[in-house]
Amino acid sequence: MNTTRKIAERPHQIVERVVEFIKQGDLDGVVSMFHPDCKIAMDPTGAPMEGHDAVRAIFKDFVENRVNLKASVSGEMINGDIAILQGEWTVEDQDGNTLGGGASTEVVKQLEHGGWSYFIDCPISMPEPVRS
């Protein structure tokens, strides 16, 4: 396995790296595109999942089945070591059948090595507000 992986030098490159790592069958590569303290809201009505263990659980089947992730970034705003991205994505199986998709909003954070990583990932929609 490749121990020296590409990094995302700009926030919008994160998804490009994730697509590459899925095609290569490299789950560790996918995980490397997420901040260790990340939160992922796969279900907007449920609690966000947290950390690299959540990323592994979410992307394990994608990587094992080498799905085709098609994604585009339509917006990017950078403020220091934090940025926000907007985009759209679809996932297809190897036969071209659509498995899912959505419009995403992500907060990304720059890591110490200079690469960018997902910090808050809302691939379908924003979660509902927590009411106290």
# chains A, B, ... in the order shown; residues from 1 in each chain; ligands from 1
$ residues_around --residues "segment 104-120 of chain A" --least-positions-apart "6" --cutoff "7 Å" --atoms "only C-alpha atoms" --output "list in words"
Ile7, Ala8, Glu9, Arg10, Pro11, Ile14, Met33, Phe34, His35, Asp37, Cys38, Lys39, Ile40, Asp81, Ile82, Ala83, Ile84, Leu85, Gln86, Gly87 and Glu88 of chain A
$ residues_around --residues "segment 45-52 of chain A" --least-positions-apart "2" --cutoff "10 Å" --atoms "only C-alpha atoms" --output "VMD selection string"
chain A and resid 28 30 to 43 54 to 58 119 to 122 125 to 130
$ closest_residue --among "A:Gly75, A:Pro123, A:Gly29, A:Gly80" --to "Val63 of chain A" --atoms "only C-alpha atoms"
A:Gly29
$ closest_residue --among "A:Glu20, A:Asn79, A:Ser74, A:Leu69" --to "Gly101 of chain A" --atoms "only C-alpha atoms"
A:Leu69
$ select_by_dssp --residues "segment 7-129 of chain A" --states "strand (DSSP E)" --output "ChimeraX atom specification"
/A:34-40,49-50,68-79,82-92,98-110,116-122
$ write_last_selection --atoms "N, CA and C atoms" --output "short mmCIF file (atom, residue, chain, number, x, y, z; two decimals), in the first residue's frame"
data_model
loop_
_atom_site.label_atom_id
_atom_site.label_comp_id
_atom_site.auth_asym_id
_atom_site.auth_seq_id
_atom_site.Cartn_x
_atom_site.Cartn_y
_atom_site.Cartn_z
N PHE A 34 -10.09 13.10 6.20
CA PHE A 34 -10.96 13.57 7.27
C PHE A 34 -10.12 13.92 8.49
N HIS A 35 -10.45 15.02 9.12
CA HIS A 35 -9.80 15.46 10.35
C HIS A 35 -10.06 14.41 11.44
N PRO A 36 -9.10 14.15 12.33
CA PRO A 36 -9.33 13.16 13.38
C PRO A 36 -10.55 13.47 14.26
N ASP A 37 -10.89 14.73 14.41
CA ASP A 37 -12.04 15.13 15.24
C ASP A 37 -13.28 15.46 14.40
N CYS A 38 -13.38 14.88 13.21
CA CYS A 38 -14.48 15.21 12.31
C CYS A 38 -15.83 14.74 12.84
N LYS A 39 -16.87 15.38 12.32
CA LYS A 39 -18.26 14.96 12.54
C LYS A 39 -18.90 14.82 11.17
N ILE A 40 -19.69 13.76 11.01
CA ILE A 40 -20.37 13.49 9.74
C ILE A 40 -21.85 13.29 10.02
N MET A 49 -22.07 11.32 13.36
CA MET A 49 -21.06 10.33 13.70
C MET A 49 -19.74 11.08 13.84
N GLU A 50 -18.82 10.52 14.63
CA GLU A 50 -17.60 11.26 14.94
C GLU A 50 -16.34 10.43 14.69
N ASN A 68 -18.44 4.13 -7.86
CA ASN A 68 -18.04 5.29 -8.63
C ASN A 68 -18.66 6.52 -7.97
N LEU A 69 -17.83 7.29 -7.28
CA LEU A 69 -18.28 8.54 -6.67
C LEU A 69 -18.07 9.65 -7.68
N LYS A 70 -19.16 10.32 -8.02
CA LYS A 70 -19.09 11.48 -8.91
C LYS A 70 -19.42 12.69 -8.06
N ALA A 71 -18.50 13.63 -7.99
CA ALA A 71 -18.71 14.78 -7.11
C ALA A 71 -18.14 16.03 -7.74
N SER A 72 -18.77 17.14 -7.41
CA SER A 72 -18.27 18.43 -7.88
C SER A 72 -18.43 19.44 -6.75
N VAL A 73 -17.50 20.37 -6.70
CA VAL A 73 -17.56 21.46 -5.74
C VAL A 73 -18.05 22.70 -6.47
N SER A 74 -19.14 23.28 -5.97
CA SER A 74 -19.70 24.46 -6.62
C SER A 74 -19.38 25.75 -5.88
N GLY A 75 -18.87 25.64 -4.65
CA GLY A 75 -18.52 26.81 -3.88
C GLY A 75 -17.41 26.52 -2.89
N GLU A 76 -16.52 27.50 -2.70
CA GLU A 76 -15.41 27.35 -1.77
C GLU A 76 -15.10 28.73 -1.20
N MET A 77 -15.05 28.83 0.13
CA MET A 77 -14.62 30.07 0.78
C MET A 77 -13.63 29.71 1.87
N ILE A 78 -12.44 30.32 1.80
CA ILE A 78 -11.36 30.03 2.74
C ILE A 78 -11.17 31.22 3.67
N ASN A 79 -11.00 30.92 4.97
CA ASN A 79 -10.68 31.92 5.97
C ASN A 79 -9.59 31.33 6.85
N ILE A 82 -9.48 27.41 7.85
CA ILE A 82 -10.83 26.84 7.80
C ILE A 82 -11.47 27.30 6.50
N ALA A 83 -12.27 26.41 5.91
CA ALA A 83 -12.99 26.76 4.69
C ALA A 83 -14.34 26.06 4.69
N ILE A 84 -15.24 26.54 3.86
CA ILE A 84 -16.54 25.89 3.67
C ILE A 84 -16.66 25.55 2.19
N LEU A 85 -17.20 24.38 1.93
CA LEU A 85 -17.41 23.91 0.57
C LEU A 85 -18.88 23.57 0.37
N GLN A 86 -19.35 23.76 -0.84
CA GLN A 86 -20.67 23.28 -1.24
C GLN A 86 -20.48 22.47 -2.50
N GLY A 87 -21.28 21.43 -2.64
CA GLY A 87 -21.14 20.61 -3.83
C GLY A 87 -22.29 19.65 -4.00
N GLU A 88 -22.17 18.83 -5.02
CA GLU A 88 -23.15 17.79 -5.31
C GLU A 88 -22.41 16.50 -5.57
N TRP A 89 -23.07 15.37 -5.28
CA TRP A 89 -22.43 14.08 -5.47
C TRP A 89 -23.47 13.01 -5.79
N THR A 90 -23.03 11.98 -6.47
CA THR A 90 -23.80 10.76 -6.67
C THR A 90 -22.84 9.58 -6.53
N VAL A 91 -23.40 8.47 -6.14
CA VAL A 91 -22.63 7.23 -6.03
C VAL A 91 -23.32 6.20 -6.92
N GLU A 92 -22.51 5.56 -7.76
CA GLU A 92 -23.01 4.52 -8.65
C GLU A 92 -22.27 3.22 -8.37
N THR A 98 -27.47 4.10 -9.90
CA THR A 98 -27.32 5.13 -8.87
C THR A 98 -27.73 4.56 -7.52
N LEU A 99 -26.83 4.68 -6.55
CA LEU A 99 -27.08 4.20 -5.19
C LEU A 99 -27.51 5.31 -4.25
N GLY A 100 -27.14 6.54 -4.57
CA GLY A 100 -27.49 7.67 -3.71
C GLY A 100 -26.84 8.93 -4.22
N GLY A 101 -27.19 10.02 -3.56
CA GLY A 101 -26.61 11.29 -3.94
C GLY A 101 -27.20 12.41 -3.12
N GLY A 102 -26.67 13.58 -3.32
CA GLY A 102 -27.18 14.72 -2.57
C GLY A 102 -26.39 15.99 -2.84
N ALA A 103 -26.81 17.03 -2.18
CA ALA A 103 -26.11 18.31 -2.18
C ALA A 103 -25.43 18.43 -0.82
N SER A 104 -24.16 18.71 -0.83
CA SER A 104 -23.39 18.67 0.41
C SER A 104 -22.91 20.05 0.84
N THR A 105 -22.70 20.16 2.15
CA THR A 105 -22.03 21.31 2.76
C THR A 105 -20.96 20.74 3.67
N GLU A 106 -19.73 21.23 3.53
CA GLU A 106 -18.63 20.75 4.36
C GLU A 106 -17.83 21.91 4.92
N VAL A 107 -17.45 21.77 6.17
CA VAL A 107 -16.46 22.66 6.77
C VAL A 107 -15.16 21.87 6.73
N VAL A 108 -14.12 22.48 6.21
CA VAL A 108 -12.84 21.79 6.11
C VAL A 108 -11.78 22.56 6.90
N LYS A 109 -10.76 21.82 7.31
CA LYS A 109 -9.73 22.40 8.16
C LYS A 109 -8.37 21.97 7.62
N GLN A 110 -7.43 22.88 7.67
CA GLN A 110 -6.08 22.57 7.22
C GLN A 110 -5.33 21.85 8.34
N TRP A 116 -5.59 19.73 3.40
CA TRP A 116 -6.93 20.04 3.90
C TRP A 116 -7.70 18.76 4.17
N SER A 117 -8.63 18.81 5.13
CA SER A 117 -9.41 17.64 5.51
C SER A 117 -10.83 18.05 5.89
N TYR A 118 -11.76 17.12 5.69
CA TYR A 118 -13.13 17.37 6.13
C TYR A 118 -13.17 17.45 7.65
N PHE A 119 -13.80 18.47 8.19
CA PHE A 119 -13.96 18.65 9.64
C PHE A 119 -15.42 18.42 10.03
N ILE A 120 -16.35 19.01 9.26
CA ILE A 120 -17.79 18.76 9.42
C ILE A 120 -18.32 18.44 8.04
N ASP A 121 -18.91 17.27 7.89
CA ASP A 121 -19.39 16.83 6.59
C ASP A 121 -20.89 16.56 6.67
N CYS A 122 -21.66 17.30 5.89
CA CYS A 122 -23.11 17.12 5.80
C CYS A 122 -23.43 16.78 4.35
#
$ decode --residues "segment 89-118 of chain A" --atoms "N, CA, C and O atoms" --output "tab-separated table (two decimals), in the first residue's frame"
chain	number	residue	atom	x	y	z
A	89	TRP	N	-23.07	15.37	-5.28
A	89	TRP	CA	-22.43	14.08	-5.47
A	89	TRP	C	-23.47	13.01	-5.79
A	89	TRP	O	-24.65	13.14	-5.43
A	90	THR	N	-23.03	11.98	-6.47
A	90	THR	CA	-23.80	10.76	-6.67
A	90	THR	C	-22.84	9.58	-6.53
A	90	THR	O	-21.64	9.71	-6.78
A	91	VAL	N	-23.40	8.47	-6.14
A	91	VAL	CA	-22.63	7.23	-6.03
A	91	VAL	C	-23.32	6.20	-6.92
A	91	VAL	O	-24.53	6.01	-6.84
A	92	GLU	N	-22.51	5.56	-7.76
A	92	GLU	CA	-23.01	4.52	-8.65
A	92	GLU	C	-22.27	3.22	-8.37
A	92	GLU	O	-21.08	3.24	-8.03
A	93	ASP	N	-22.98	2.09	-8.55
A	93	ASP	CA	-22.29	0.81	-8.46
A	93	ASP	C	-21.51	0.60	-9.76
A	93	ASP	O	-21.55	1.42	-10.68
A	94	GLN	N	-20.81	-0.52	-9.85
A	94	GLN	CA	-19.97	-0.77	-11.02
A	94	GLN	C	-20.77	-0.97	-12.30
A	94	GLN	O	-20.23	-0.89	-13.40
A	95	ASP	N	-22.07	-1.21	-12.17
A	95	ASP	CA	-22.94	-1.36	-13.34
A	95	ASP	C	-23.58	-0.05	-13.76
A	95	ASP	O	-24.38	-0.01	-14.69
A	96	GLY	N	-23.28	1.04	-13.04
A	96	GLY	CA	-23.82	2.35	-13.37
A	96	GLY	C	-25.15	2.66	-12.72
A	96	GLY	O	-25.78	3.68	-13.03
A	97	ASN	N	-25.62	1.81	-11.80
A	97	ASN	CA	-26.87	2.07	-11.08
A	97	ASN	C	-26.62	3.09	-9.97
A	97	ASN	O	-25.68	2.94	-9.19
A	98	THR	N	-27.47	4.10	-9.90
A	98	THR	CA	-27.32	5.13	-8.87
A	98	THR	C	-27.73	4.56	-7.52
A	98	THR	O	-28.83	4.03	-7.36
A	99	LEU	N	-26.83	4.68	-6.55
A	99	LEU	CA	-27.08	4.20	-5.19
A	99	LEU	C	-27.51	5.31	-4.25
A	99	LEU	O	-28.12	5.06	-3.23
A	100	GLY	N	-27.14	6.54	-4.57
A	100	GLY	CA	-27.49	7.67	-3.71
A	100	GLY	C	-26.84	8.93	-4.22
A	100	GLY	O	-26.06	8.92	-5.16
A	101	GLY	N	-27.19	10.02	-3.56
A	101	GLY	CA	-26.61	11.29	-3.94
A	101	GLY	C	-27.20	12.41	-3.12
A	101	GLY	O	-28.10	12.20	-2.31
A	102	GLY	N	-26.67	13.58	-3.32
A	102	GLY	CA	-27.18	14.72	-2.57
A	102	GLY	C	-26.39	15.99	-2.84
A	102	GLY	O	-25.45	16.00	-3.63
A	103	ALA	N	-26.81	17.03	-2.18
A	103	ALA	CA	-26.11	18.31	-2.18
A	103	ALA	C	-25.43	18.43	-0.82
A	103	ALA	O	-26.08	18.24	0.21
A	104	SER	N	-24.16	18.71	-0.83
A	104	SER	CA	-23.39	18.67	0.41
A	104	SER	C	-22.91	20.05	0.84
A	104	SER	O	-22.72	20.95	0.03
A	105	THR	N	-22.70	20.16	2.15
A	105	THR	CA	-22.03	21.31	2.76
A	105	THR	C	-20.96	20.74	3.67
A	105	THR	O	-21.23	19.85	4.48
A	106	GLU	N	-19.73	21.23	3.53
A	106	GLU	CA	-18.63	20.75	4.36
A	106	GLU	C	-17.83	21.91	4.92
A	106	GLU	O	-17.57	22.88	4.21
A	107	VAL	N	-17.45	21.77	6.17
A	107	VAL	CA	-16.46	22.66	6.77
A	107	VAL	C	-15.16	21.87	6.73
A	107	VAL	O	-15.12	20.70	7.13
A	108	VAL	N	-14.12	22.48	6.21
A	108	VAL	CA	-12.84	21.79	6.11
A	108	VAL	C	-11.78	22.56	6.90
A	108	VAL	O	-11.91	23.76	7.16
A	109	LYS	N	-10.76	21.82	7.31
A	109	LYS	CA	-9.73	22.40	8.16
A	109	LYS	C	-8.37	21.97	7.62
A	109	LYS	O	-8.20	20.83	7.20
A	110	GLN	N	-7.43	22.88	7.67
A	110	GLN	CA	-6.08	22.57	7.22
A	110	GLN	C	-5.33	21.85	8.34
A	110	GLN	O	-5.38	22.25	9.51
A	111	LEU	N	-4.63	20.79	7.97
A	111	LEU	CA	-3.85	20.01	8.93
A	111	LEU	C	-2.44	20.57	9.05
A	111	LEU	O	-2.02	21.40	8.24
A	112	GLU	N	-1.70	20.10	10.04
A	112	GLU	CA	-0.34	20.60	10.28
A	112	GLU	C	0.57	20.41	9.09
A	112	GLU	O	1.46	21.22	8.85
A	113	HIS	N	0.38	19.34	8.30
A	113	HIS	CA	1.25	19.09	7.15
A	113	HIS	C	0.88	19.95	5.94
A	113	HIS	O	1.53	19.86	4.89
A	114	GLY	N	-0.16	20.79	6.07
A	114	GLY	CA	-0.54	21.69	4.99
A	114	GLY	C	-1.72	21.23	4.17
A	114	GLY	O	-2.31	22.00	3.42
A	115	GLY	N	-2.06	19.95	4.27
A	115	GLY	CA	-3.20	19.43	3.52
A	115	GLY	C	-4.52	19.78	4.19
A	115	GLY	O	-4.57	20.10	5.38
A	116	TRP	N	-5.59	19.73	3.40
A	116	TRP	CA	-6.93	20.04	3.90
A	116	TRP	C	-7.70	18.76	4.17
A	116	TRP	O	-7.46	17.73	3.52
A	117	SER	N	-8.63	18.81	5.13
A	117	SER	CA	-9.41	17.64	5.51
A	117	SER	C	-10.83	18.05	5.89
A	117	SER	O	-11.06	19.18	6.33
A	118	TYR	N	-11.76	17.12	5.69
A	118	TYR	CA	-13.13	17.37	6.13
A	118	TYR	C	-13.17	17.45	7.65
A	118	TYR	O	-12.63	16.58	8.34
